[in-house]
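model-v5.json, holding JSON, C-alpha atoms and all ligand atoms:
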[["chain", "number", "residue", "atom", "x", "y", "z"],
["A", 1, "MET", "CA", 44.14, -42.54, 39.02],
["A", 2, "GLY", "CA", 44.13, -39.03, 40.52],
["A", 3, "PRO", "CA", 40.94, -37.15, 41.26],
["A", 4, "THR", "CA", 39.38, -34.66, 38.87],
["A", 5, "PHE", "CA", 38.97, -31.18, 40.29],
["A", 6, "ARG", "CA", 36.45, -28.42, 40.03],
["A", 7, "ARG", "CA", 37.16, -24.82, 40.87],
["A", 8, "LEU", "CA", 35.05, -23.40, 43.68],
["A", 9, "PRO", "CA", 35.27, -20.04, 45.45],
["A", 10, "LYS", "CA", 36.03, -19.63, 49.15],
["A", 11, "ARG", "CA", 34.23, -16.91, 51.14],
["A", 12, "ASP", "CA", 36.75, -14.29, 50.09],
["A", 13, "GLY", "CA", 36.19, -15.22, 46.45],
["A", 14, "THR", "CA", 39.50, -16.95, 45.79],
["A", 15, "LEU", "CA", 39.04, -20.03, 43.66],
["A", 16, "ILE", "CA", 40.51, -23.30, 44.86],
["A", 17, "GLN", "CA", 40.63, -26.80, 43.43],
["A", 18, "VAL", "CA", 38.25, -29.23, 45.09],
["A", 19, "PRO", "CA", 38.26, -32.89, 44.10],
["A", 20, "SER", "CA", 34.96, -33.31, 42.33],
["A", 21, "MET", "CA", 34.21, -36.94, 43.21],
["A", 22, "PRO", "CA", 34.05, -37.37, 46.95],
["A", 23, "TRP", "CA", 33.01, -41.02, 46.69],
["A", 24, "SER", "CA", 34.60, -44.02, 45.10],
["A", 25, "SER", "CA", 33.52, -47.63, 45.47],
["A", 26, "ALA", "CA", 36.81, -49.10, 44.19],
["A", 27, "PRO", "CA", 38.18, -51.97, 46.37],
["A", 28, "THR", "CA", 41.41, -50.07, 47.06],
["A", 29, "PRO", "CA", 41.58, -46.46, 48.26],
["A", 30, "PRO", "CA", 42.17, -43.68, 45.74],
["A", 31, "ASP", "CA", 45.68, -42.19, 45.79],
["A", 32, "ASN", "CA", 46.38, -39.54, 48.36],
["A", 33, "PHE", "CA", 47.28, -36.21, 46.85],
["A", 34, "THR", "CA", 48.62, -32.84, 47.89],
["A", 35, "ALA", "CA", 45.99, -30.11, 48.15],
["A", 36, "PRO", "CA", 46.98, -27.28, 45.79],
["A", 37, "CYS", "CA", 45.33, -24.77, 48.18],
["A", 38, "CYS", "CA", 47.33, -25.42, 51.35],
["A", 39, "GLY", "CA", 49.72, -28.27, 50.67],
["A", 40, "GLN", "CA", 47.97, -30.59, 53.09],
["A", 41, "THR", "CA", 47.94, -34.29, 52.14],
["A", 42, "ILE", "CA", 44.41, -35.31, 51.30],
["A", 43, "THR", "CA", 43.66, -38.86, 52.29],
["A", 44, "SER", "CA", 40.52, -40.91, 52.11],
["A", 45, "THR", "CA", 38.77, -43.05, 54.66],
["A", 46, "GLN", "CA", 36.68, -46.09, 54.16],
["A", 47, "ASN", "CA", 33.00, -45.75, 54.88],
["A", 48, "SER", "CA", 30.69, -48.64, 55.11],
["A", 49, "VAL", "CA", 27.31, -47.91, 53.65],
["A", 50, "ILE", "CA", 24.31, -50.20, 53.98],
["A", 51, "GLN", "CA", 25.64, -52.55, 56.66],
["A", 52, "GLY", "CA", 28.92, -53.44, 54.99],
["A", 53, "ALA", "CA", 27.28, -54.31, 51.67],
["A", 54, "LEU", "CA", 28.85, -51.36, 49.88],
["A", 55, "THR", "CA", 32.23, -49.92, 50.77],
["A", 56, "VAL", "CA", 33.14, -46.46, 49.63],
["A", 57, "TRP", "CA", 36.08, -44.10, 50.04],
["A", 58, "GLN", "CA", 35.51, -40.54, 51.08],
["A", 59, "TRP", "CA", 37.98, -37.65, 50.86],
["A", 60, "GLN", "CA", 39.14, -36.06, 54.07],
["A", 61, "TYR", "CA", 38.95, -32.47, 52.91],
["A", 62, "CYS", "CA", 41.21, -29.72, 54.15],
["A", 63, "ASP", "CA", 39.62, -26.65, 55.80],
["A", 64, "CYS", "CA", 39.77, -24.63, 52.58],
["A", 65, "MET", "CA", 37.87, -27.32, 50.67],
["A", 66, "ARG", "CA", 35.30, -27.63, 53.43],
["A", 67, "GLU", "CA", 34.75, -23.89, 53.27],
["A", 68, "ALA", "CA", 34.41, -23.87, 49.46],
["A", 69, "LEU", "CA", 31.95, -26.77, 49.57],
["A", 70, "ALA", "CA", 29.87, -24.98, 52.22],
["A", 71, "VAL", "CA", 29.78, -21.85, 50.04],
["A", 72, "ALA", "CA", 28.69, -23.96, 47.04],
["A", 73, "GLU", "CA", 25.88, -25.50, 49.07],
["A", 74, "GLU", "CA", 24.73, -22.09, 50.32],
["A", 75, "THR", "CA", 24.74, -20.80, 46.73],
["A", 76, "ARG", "CA", 22.68, -23.77, 45.61],
["A", 77, "GLN", "CA", 20.13, -23.17, 48.36],
["A", 78, "GLN", "CA", 20.03, -19.46, 47.55],
["A", 79, "MET", "CA", 19.27, -20.22, 43.90],
["A", 80, "GLU", "CA", 16.56, -22.63, 44.92],
["A", 81, "GLN", "CA", 15.04, -19.93, 47.16],
["A", 82, "ASN", "CA", 15.23, -17.44, 44.27],
["A", 83, "THR", "CA", 13.41, -19.84, 41.99],
["A", 84, "ILE", "CA", 10.66, -20.30, 44.57],
["A", 85, "ARG", "CA", 10.44, -16.52, 45.06],
["A", 86, "ARG", "CA", 10.36, -15.87, 41.32],
["A", 87, "GLU", "CA", 7.61, -18.42, 40.73],
["A", 88, "ARG", "CA", 5.51, -17.09, 43.59],
["A", 89, "TRP", "CA", 6.07, -13.54, 42.32],
["A", 90, "GLN", "CA", 5.09, -14.46, 38.76],
["A", 91, "GLY", "CA", 1.78, -15.90, 39.88],
["A", 92, "GLN", "CA", 0.88, -12.90, 42.04],
["A", 93, "GLN", "CA", 2.12, -10.37, 39.49],
["A", 94, "ARG", "CA", 0.11, -11.96, 36.68],
["A", 95, "ALA", "CA", -3.05, -11.66, 38.75],
["A", 96, "LEU", "CA", -2.32, -7.97, 39.42],
["A", 97, "ASP", "CA", -1.52, -7.28, 35.77],
["A", 98, "ALA", "CA", -4.77, -8.94, 34.74],
["A", 99, "LEU", "CA", -6.73, -6.71, 37.10],
["A", 100, "PHE", "CA", -4.80, -3.56, 36.09],
["A", 101, "PRO", "CA", -3.64, -4.14, 32.51],
["A", 102, "GLN", "CA", -2.22, -0.63, 32.19],
["A", 103, "TRP", "CA", 1.21, -1.85, 33.14],
["A", 104, "CYS", "CA", 1.24, -4.32, 30.26],
["A", 105, "GLN", "CA", 0.29, -1.52, 27.90],
["A", 106, "SER", "CA", 3.01, 0.74, 29.27],
["A", 107, "ALA", "CA", 5.48, -2.14, 29.16],
["A", 108, "LYS", "CA", 5.46, -1.51, 25.43],
["A", 109, "VAL", "CA", 7.76, 1.35, 26.37],
["A", 110, "PRO", "CA", 10.42, -0.73, 28.13],
["A", 111, "HIS", "CA", 12.96, 2.09, 27.75],
["A", 112, "GLN", "CA", 11.21, 3.87, 30.62],
["A", 113, "THR", "CA", 13.69, 2.59, 33.16],
["A", 114, "LEU", "CA", 15.69, 4.62, 35.66],
["A", 115, "ASP", "CA", 18.88, 3.98, 33.71],
["A", 116, "HIS", "CA", 17.31, 5.50, 30.63],
["A", 117, "PHE", "CA", 16.19, 8.61, 32.47],
["A", 118, "VAL", "CA", 17.98, 11.68, 31.21],
["A", 119, "ALA", "CA", 18.81, 13.45, 34.47],
["A", 120, "ASN", "CA", 20.22, 16.94, 34.30],
["A", 121, "GLN", "CA", 22.19, 18.59, 37.10],
["A", 122, "GLU", "CA", 19.03, 19.74, 38.93],
["A", 123, "MET", "CA", 17.68, 16.18, 39.05],
["A", 124, "ARG", "CA", 20.74, 14.45, 40.52],
["A", 125, "GLY", "CA", 19.54, 14.86, 44.10],
["A", 126, "LEU", "CA", 16.14, 13.41, 43.29],
["A", 127, "MET", "CA", 17.69, 10.46, 41.43],
["A", 128, "ALA", "CA", 19.85, 9.70, 44.47],
["A", 129, "ARG", "CA", 16.76, 9.74, 46.71],
["A", 130, "LEU", "CA", 14.91, 7.38, 44.38],
["A", 131, "ARG", "CA", 17.88, 5.00, 44.28],
["A", 132, "ALA", "CA", 18.11, 5.09, 48.08],
["A", 133, "TRP", "CA", 14.40, 4.30, 48.30],
["A", 134, "LEU", "CA", 14.88, 1.30, 46.01],
["A", 135, "ASP", "CA", 17.85, 0.04, 48.01],
["A", 136, "ALA", "CA", 16.00, 0.15, 51.33],
["A", 137, "VAL", "CA", 14.41, -3.19, 52.16],
["A", 138, "ASN", "CA", 10.71, -3.42, 53.00],
["A", 139, "GLN", "CA", 9.92, 0.25, 52.73],
["A", 140, "LYS", "CA", 6.78, 1.13, 54.60],
["A", 141, "GLU", "CA", 6.86, 4.68, 53.28],
["A", 142, "GLY", "CA", 6.26, 5.66, 49.70],
["A", 143, "PHE", "CA", 6.66, 9.14, 48.22],
["A", 144, "MET", "CA", 4.89, 11.64, 46.04],
["A", 145, "LEU", "CA", 6.46, 13.21, 42.97],
["A", 146, "THR", "CA", 5.06, 16.59, 42.09],
["A", 147, "GLY", "CA", 5.85, 19.17, 39.46],
["A", 148, "ARG", "CA", 4.64, 20.54, 36.20],
["A", 149, "VAL", "CA", 3.27, 18.50, 33.31],
["A", 150, "GLY", "CA", 5.87, 16.78, 31.17],
["A", 151, "ASN", "CA", 8.82, 16.82, 33.59],
["A", 152, "GLY", "CA", 9.28, 13.06, 33.58],
["A", 153, "LYS", "CA", 7.34, 12.00, 36.69],
["A", 154, "THR", "CA", 5.62, 9.13, 34.92],
["A", 155, "HIS", "CA", 8.89, 7.93, 33.45],
["A", 156, "LEU", "CA", 10.41, 7.97, 36.95],
["A", 157, "VAL", "CA", 7.67, 5.94, 38.63],
["A", 158, "ARG", "CA", 7.60, 3.48, 35.75],
["A", 159, "GLY", "CA", 11.36, 3.17, 36.09],
["A", 160, "ILE", "CA", 10.91, 2.44, 39.80],
["A", 161, "ALA", "CA", 8.19, -0.11, 38.97],
["A", 162, "HIS", "CA", 10.55, -1.87, 36.54],
["A", 163, "GLU", "CA", 13.21, -2.10, 39.24],
["A", 164, "VAL", "CA", 10.78, -3.34, 41.90],
["A", 165, "ARG", "CA", 9.53, -6.05, 39.56],
["A", 166, "ALA", "CA", 13.13, -7.05, 38.83],
["A", 167, "GLN", "CA", 13.50, -7.67, 42.59],
["A", 168, "TYR", "CA", 10.55, -10.10, 42.38],
["A", 169, "ARG", "CA", 8.32, -7.79, 44.33],
["A", 170, "THR", "CA", 4.81, -7.21, 43.08],
["A", 171, "VAL", "CA", 3.70, -3.88, 41.68],
["A", 172, "LEU", "CA", 0.18, -2.64, 41.15],
["A", 173, "TYR", "CA", 0.55, 0.15, 38.60],
["A", 174, "THR", "CA", -2.42, 2.28, 37.64],
["A", 175, "SER", "CA", -3.12, 5.83, 36.60],
["A", 176, "VAL", "CA", -5.66, 7.35, 38.94],
["A", 177, "PRO", "CA", -8.07, 8.38, 36.14],
["A", 178, "TYR", "CA", -8.05, 4.74, 34.99],
["A", 179, "LEU", "CA", -8.56, 3.50, 38.54],
["A", 180, "LEU", "CA", -11.53, 5.80, 39.04],
["A", 181, "GLU", "CA", -12.99, 4.74, 35.70],
["A", 182, "HIS", "CA", -12.47, 1.14, 36.79],
["A", 183, "LEU", "CA", -14.30, 1.74, 40.06],
["A", 184, "ARG", "CA", -17.32, 3.43, 38.55],
["A", 185, "GLY", "CA", -17.42, 1.49, 35.25],
["A", 186, "PRO", "CA", -20.76, 0.19, 33.96],
["A", 187, "THR", "CA", -20.00, -3.34, 35.16],
["A", 188, "GLY", "CA", -18.47, -1.93, 38.33],
["A", 189, "ALA", "CA", -15.16, -3.59, 39.15],
["A", 190, "ASP", "CA", -15.51, -5.74, 42.19],
["A", 191, "MET", "CA", -14.42, -3.39, 44.94],
["A", 192, "GLU", "CA", -13.46, -6.32, 47.14],
["A", 193, "MET", "CA", -11.09, -7.58, 44.46],
["A", 194, "VAL", "CA", -9.47, -4.19, 43.94],
["A", 195, "LEU", "CA", -9.16, -3.70, 47.68],
["A", 196, "LYS", "CA", -7.52, -7.09, 48.08],
["A", 197, "ALA", "CA", -5.09, -6.31, 45.26],
["A", 198, "MET", "CA", -4.29, -2.91, 46.82],
["A", 199, "ILE", "CA", -3.41, -4.60, 50.12],
["A", 200, "GLN", "CA", -1.54, -7.51, 48.58],
["A", 201, "ALA", "CA", 0.81, -5.69, 46.18],
["A", 202, "ASP", "CA", 4.27, -4.95, 47.58],
["A", 203, "VAL", "CA", 4.28, -1.55, 45.88],
["A", 204, "VAL", "CA", 1.32, 0.44, 44.56],
["A", 205, "VAL", "CA", 1.80, 3.20, 41.99],
["A", 206, "TRP", "CA", -0.87, 5.87, 41.50],
["A", 207, "ASP", "CA", 0.11, 7.88, 38.48],
["A", 208, "ASP", "CA", -1.45, 11.29, 37.87],
["A", 209, "LEU", "CA", -3.44, 11.87, 41.04],
["A", 210, "GLY", "CA", -5.74, 14.88, 40.90],
["A", 211, "ALA", "CA", -5.95, 15.00, 37.11],
["A", 212, "GLU", "CA", -9.69, 15.20, 37.51],
["A", 213, "LYS", "CA", -12.09, 16.14, 40.24],
["A", 214, "PRO", "CA", -13.76, 12.95, 41.37],
["A", 215, "THR", "CA", -17.28, 12.67, 42.68],
["A", 216, "GLU", "CA", -17.85, 12.15, 46.41],
["A", 217, "TRP", "CA", -18.61, 8.51, 45.67],
["A", 218, "THR", "CA", -15.27, 7.84, 43.94],
["A", 219, "LEU", "CA", -13.42, 9.94, 46.54],
["A", 220, "ASP", "CA", -14.78, 7.69, 49.26],
["A", 221, "ARG", "CA", -13.50, 4.65, 47.43],
["A", 222, "LEU", "CA", -10.14, 6.24, 46.73],
["A", 223, "TYR", "CA", -9.79, 7.00, 50.43],
["A", 224, "LEU", "CA", -10.78, 3.44, 51.34],
["A", 225, "LEU", "CA", -8.04, 2.05, 49.04],
["A", 226, "LEU", "CA", -5.45, 4.46, 50.41],
["A", 227, "ASP", "CA", -6.44, 3.65, 53.95],
["A", 228, "ALA", "CA", -6.05, -0.06, 53.27],
["A", 229, "ARG", "CA", -2.44, 0.57, 52.21],
["A", 230, "TYR", "CA", -1.87, 2.73, 55.26],
["A", 231, "GLU", "CA", -3.18, 0.07, 57.60],
["A", 232, "ALA", "CA", -1.09, -2.59, 55.84],
["A", 233, "GLU", "CA", 1.97, -0.31, 56.27],
["A", 234, "LYS", "CA", 2.88, -0.62, 52.62],
["A", 235, "PRO", "CA", 4.12, 2.07, 50.25],
["A", 236, "VAL", "CA", 2.14, 4.03, 47.68],
["A", 237, "LEU", "CA", 4.05, 5.97, 45.04],
["A", 238, "VAL", "CA", 2.07, 8.91, 43.72],
["A", 239, "THR", "CA", 2.68, 11.37, 40.92],
["A", 240, "SER", "CA", 0.72, 14.58, 40.59],
["A", 241, "ASN", "CA", 0.92, 17.76, 38.59],
["A", 242, "GLY", "CA", -0.51, 19.63, 41.52],
["A", 243, "SER", "CA", 1.09, 20.69, 44.79],
["A", 244, "PRO", "CA", -0.32, 19.20, 48.00],
["A", 245, "ALA", "CA", -2.31, 22.44, 48.48],
["A", 246, "GLN", "CA", -3.81, 22.18, 45.00],
["A", 247, "LEU", "CA", -4.57, 18.51, 45.58],
["A", 248, "GLU", "CA", -6.36, 19.36, 48.77],
["A", 249, "GLN", "CA", -8.69, 21.66, 46.85],
["A", 250, "ARG", "CA", -9.53, 18.91, 44.40],
["A", 251, "LEU", "CA", -9.57, 15.82, 46.60],
["A", 252, "GLY", "CA", -10.21, 17.21, 50.06],
["A", 253, "ALA", "CA", -8.08, 17.30, 53.20],
["A", 254, "ARG", "CA", -8.80, 13.73, 54.25],
["A", 255, "ILE", "CA", -7.00, 12.04, 51.33],
["A", 256, "VAL", "CA", -4.16, 14.54, 51.18],
["A", 257, "SER", "CA", -3.35, 14.48, 54.88],
["A", 258, "ARG", "CA", -3.35, 10.67, 54.82],
["A", 259, "LEU", "CA", -0.96, 10.79, 51.86],
["A", 260, "MET", "CA", 1.32, 13.16, 53.76],
["A", 261, "GLU", "CA", 1.53, 10.59, 56.54],
["A", 262, "MET", "CA", 2.58, 7.93, 54.06],
["A", 263, "GLY", "CA", 5.77, 9.49, 52.74],
["A", 264, "PRO", "CA", 7.59, 12.64, 51.71],
["A", 265, "VAL", "CA", 6.75, 14.91, 48.77],
["A", 266, "TRP", "CA", 9.59, 15.28, 46.29],
["A", 267, "GLU", "CA", 9.39, 17.99, 43.74],
["A", 268, "VAL", "CA", 10.69, 17.09, 40.31],
["A", 269, "PRO", "CA", 12.65, 20.13, 39.06],
["A", 270, "GLY", "CA", 10.56, 22.27, 36.77],
["A", 271, "VAL", "CA", 12.25, 21.55, 33.48],
["A", 272, "ASP", "CA", 10.20, 20.28, 30.58],
["A", 273, "TYR", "CA", 11.47, 16.73, 30.34],
["A", 274, "ARG", "CA", 10.28, 16.31, 26.76],
["A", 275, "VAL", "CA", 12.39, 19.31, 25.73],
["A", 276, "LEU", "CA", 15.36, 17.93, 27.67],
["A", 277, "LEU", "CA", 14.93, 14.59, 25.94],
["A", 278, "ALA", "CA", 14.76, 16.26, 22.51],
["A", 279, "GLN", "CA", 17.92, 18.26, 23.30],
["A", 280, "LYS", "CA", 19.71, 15.12, 24.39],
["A", 281, "ARG", "CA", 18.71, 13.42, 21.14],
["A", 282, "LEU", "CA", 20.00, 16.40, 19.16],
["A", 283, "VAL", "CA", 23.34, 16.23, 20.97],
["A", 284, "ALA", "CA", 23.53, 12.45, 20.66],
["A", 285, "GLY", "CA", 22.49, 12.56, 17.00],
["A", 301, "ZN", "ZN", 43.48, -26.57, 51.54]]
Using structure tokens, write down the structure from this file.
Amino acid sequence: MGPTFRRLPKRDGTLIQVPSMPWSSAPTPPDNFTAPCCGQTITSTQNSVIQGALTVWQWQYCDCMREALAVAEETRQQMEQNTIRRERWQGQQRALDALFPQWCQSAKVPHQTLDHFVANQEMRGLMARLRAWLDAVNQKEGFMLTGRVGNGKTHLVRGIAHEVRAQYRTVLYTSVPYLLEHLRGPTGADMEMVLKAMIQADVVVWDDLGAEKPTEWTLDRLYLLLDARYEAEKPVLVTSNGSPAQLEQRLGARIVSRLMEMGPVWEVPGVDYRVLLAQKRLVAG
């Protein structure tokens, strides 16, 4: 009886037939056969397993089959690694989402992905920069998106957050007003816990920085959190309606100059994104 085959890819992607049962414990050897990939005659050799108690026949694979089997093994290991990564990510991400539930609330708007962003001509350059940022591995630098109210900054950072999560990297997403509220709330969020989360997350998103003028007390804490990210060399993505100069007036030079060290400022073109979206809907409808 001839072997049954399975189709496996070589490194260049071409599929070849590989006999799927390498072992046989029949008393006589399986029939030799001609490899469809290279025409080599595939024979089998007898292997004695467990001190001669069990005799098996093993295929003598050609080089192409060896290569395809190695690729299959690497793929299997890769998938196993991905499963481990995904499970580890899920655990850490759940803890972050529990501490900052805003993401879960905003996840009710799952259409806020980068692919769903309606980019006009002026925004193409910015979109390319954001994509490049996402493609870079282990970014130490974040960025700040500035520009007028309603130009889509929040949509953009949420889109980035979606993509980062899809890469099994953890995201701590919070609006800064919420964070400040959290820090000075009546029960007082455990600063240690927030600090730990700020250091641990792969990517931190601070949406709407400078929306309000914080007290000295909250400013100190905000700086402490930012500084923890800086020391950990991990990115913070910030959105703000104000320019760096306006932010400096509200938050002081200490926070703003630290932010400037942690990544570039990208201005989102001054269109009203909500108007653009409505126009797009009109055209599409
Ligand atoms: Zn071959």
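Near ligand ZN 301 (chain A), the residues found within 10 Å are Ile16, Gln17, Val18, Thr34, Ala35, Pro36, Cys37, Cys38, Gly39, Gln40, Thr41, Ile42, Tyr61, Cys62, Asp63, Cys64, Met65, Arg66, Glu67 and Ala68 of chain A (criterion computed using only C-alpha atoms and all ligand atoms).
Restricting the calculation to all atoms listed in the file, the smallest distance between His182 in chain A and any of A:Pro101, A:Gly263, A:Gly210, A:Gly142 is found for A:Pro101.
The residue that comes closest to Trp89 in chain A, out of A:Thr4, A:Ser48, A:Thr113, A:Thr170 and on the basis of only C-alpha atoms, is A:Thr170.
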Using only C-alpha atoms and a cutoff of 12 Å, can you tell me which residues are near (12.2, -11.7, 44.4) in the file's coordinates, and write them out as a compact mmCIF listing (two decimals) with C-alpha atoms, in the coordinates of the input?
# COMPACT_ATOMS: atom_id res chain seq x y z
CA GLN A 78 20.03 -19.46 47.55
CA MET A 79 19.27 -20.22 43.90
CA GLU A 80 16.56 -22.63 44.92
CA GLN A 81 15.04 -19.93 47.16
CA ASN A 82 15.23 -17.44 44.27
CA THR A 83 13.41 -19.84 41.99
CA ILE A 84 10.66 -20.30 44.57
CA ARG A 85 10.44 -16.52 45.06
CA ARG A 86 10.36 -15.87 41.32
CA GLU A 87 7.61 -18.42 40.73
CA ARG A 88 5.51 -17.09 43.59
CA TRP A 89 6.07 -13.54 42.32
CA GLN A 90 5.09 -14.46 38.76
CA GLN A 92 0.88 -12.90 42.04
CA GLN A 93 2.12 -10.37 39.49
CA VAL A 137 14.41 -3.19 52.16
CA GLU A 163 13.21 -2.10 39.24
CA VAL A 164 10.78 -3.34 41.90
CA ARG A 165 9.53 -6.05 39.56
CA ALA A 166 13.13 -7.05 38.83
CA GLN A 167 13.50 -7.67 42.59
CA TYR A 168 10.55 -10.10 42.38
CA ARG A 169 8.32 -7.79 44.33
CA THR A 170 4.81 -7.21 43.08
CA VAL A 171 3.70 -3.88 41.68
CA ASP A 202 4.27 -4.95 47.58
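The list of residues with at least one atom within 12 Å of Arg184 in chain A, based on only C-alpha atoms and without residues fewer than 4 positions apart in the same chain, reads A:Pro177, A:Tyr178, A:Leu179, A:Leu180, A:Gly188, A:Ala189, A:Asp190, A:Met191, A:Pro214, A:Thr215, A:Glu216, A:Trp217, A:Thr218, A:Leu219, A:Asp220, A:Arg221, A:Leu222.
Reported to one decimal place, the separation of CA of Leu251 in chain A from CA of Tyr223 in chain A is 9.6 Å.
Each of A:Thr43, A:Asn241, A:Thr75, A:Thr55 was compared to Ser24 in chain A using only C-alpha atoms, and A:Thr55 turns out to be the nearest.
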Would you mind reading off the distance between CA of Glu192 in chain A and CA of Arg258 in chain A, one decimal, in Å?
21.2 Å
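Put simply, CA of Thr239 in chain A is 15.6 Å away from CA of Leu114 in chain A.
Nearest to Lys213 in chain A of all the residues A:Arg250, A:Arg229, A:Lys234, A:Lys140 is A:Arg250, based on all atoms listed in the file.
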Show me, as a PDB file with C-alpha atoms, in the coordinates of the input, the residues that have an atom within 9 Å of Gly270 in chain A when counting all atoms listed in the file, minus same-chain residues fewer than 5 positions from it.
ATOM      1  CA  GLY A 147       5.850  19.170  39.460  1.00  0.00           C
ATOM      2  CA  ARG A 148       4.640  20.540  36.200  1.00  0.00           C
ATOM      3  CA  VAL A 149       3.270  18.500  33.310  1.00  0.00           C
ATOM      4  CA  ASN A 151       8.820  16.820  33.590  1.00  0.00           C
TER       5      ASN A 151
END
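Excluding Val268 in chain A and any residue on its chain fewer than 2 positions from it, the residues at most 8 Å away by only C-alpha atoms are Met123, Leu126, Leu145, Thr146, Gly147, Asn151, Gly152, Lys153, Trp266 and Gly270 of chain A.
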Please, what is the axis-aligned box for every listed atom of range 67-76 of chain A with 5 Å on each side, as centre and edge lengths in Å to one decimal, as lines of an AutoDock Vina configuration file?
center_x = 28.7
center_y = -23.8
center_z = 49.4
size_x = 22.1
size_y = 16.0
size_z = 17.7
Long-range neighbours of Ala197 in chain A as number ranges by chain, 9 Å cut-off, only C-alpha atoms, 5 positions minimum in chain
A: 95-96, 99, 172, 192
Which residue gives the smallest distance to Arg129 in chain A among A:Ala70, A:Ser175, A:Ser243, A:Ile160, with all atoms listed in the file counted?
A:Ile160
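If you measure from each of A:Leu8, A:Met193, A:Leu130, A:Leu156 to Phe117 in chain A using only C-alpha atoms, the closest one turns out to be A:Leu156.
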Hey, can you pull every residue with an atom no more than 6 Å from (3.9, -1.0, 46.1), using only C-alpha atoms, and send it as a list in words?
Val171, Ala201, Asp202, Val203, Val204, Pro235 and Val236 of chain A
Write the residues of the selection above to a file with C-alpha atoms, as a compact mmCIF listing (two decimals), keeping the file's coordinate frame.
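Saved file again_16.txt follows:
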# COMPACT_ATOMS: atom_id res chain seq x y z
CA VAL A 171 3.70 -3.88 41.68
CA ALA A 201 0.81 -5.69 46.18
CA ASP A 202 4.27 -4.95 47.58
CA VAL A 203 4.28 -1.55 45.88
CA VAL A 204 1.32 0.44 44.56
CA PRO A 235 4.12 2.07 50.25
CA VAL A 236 2.14 4.03 47.68
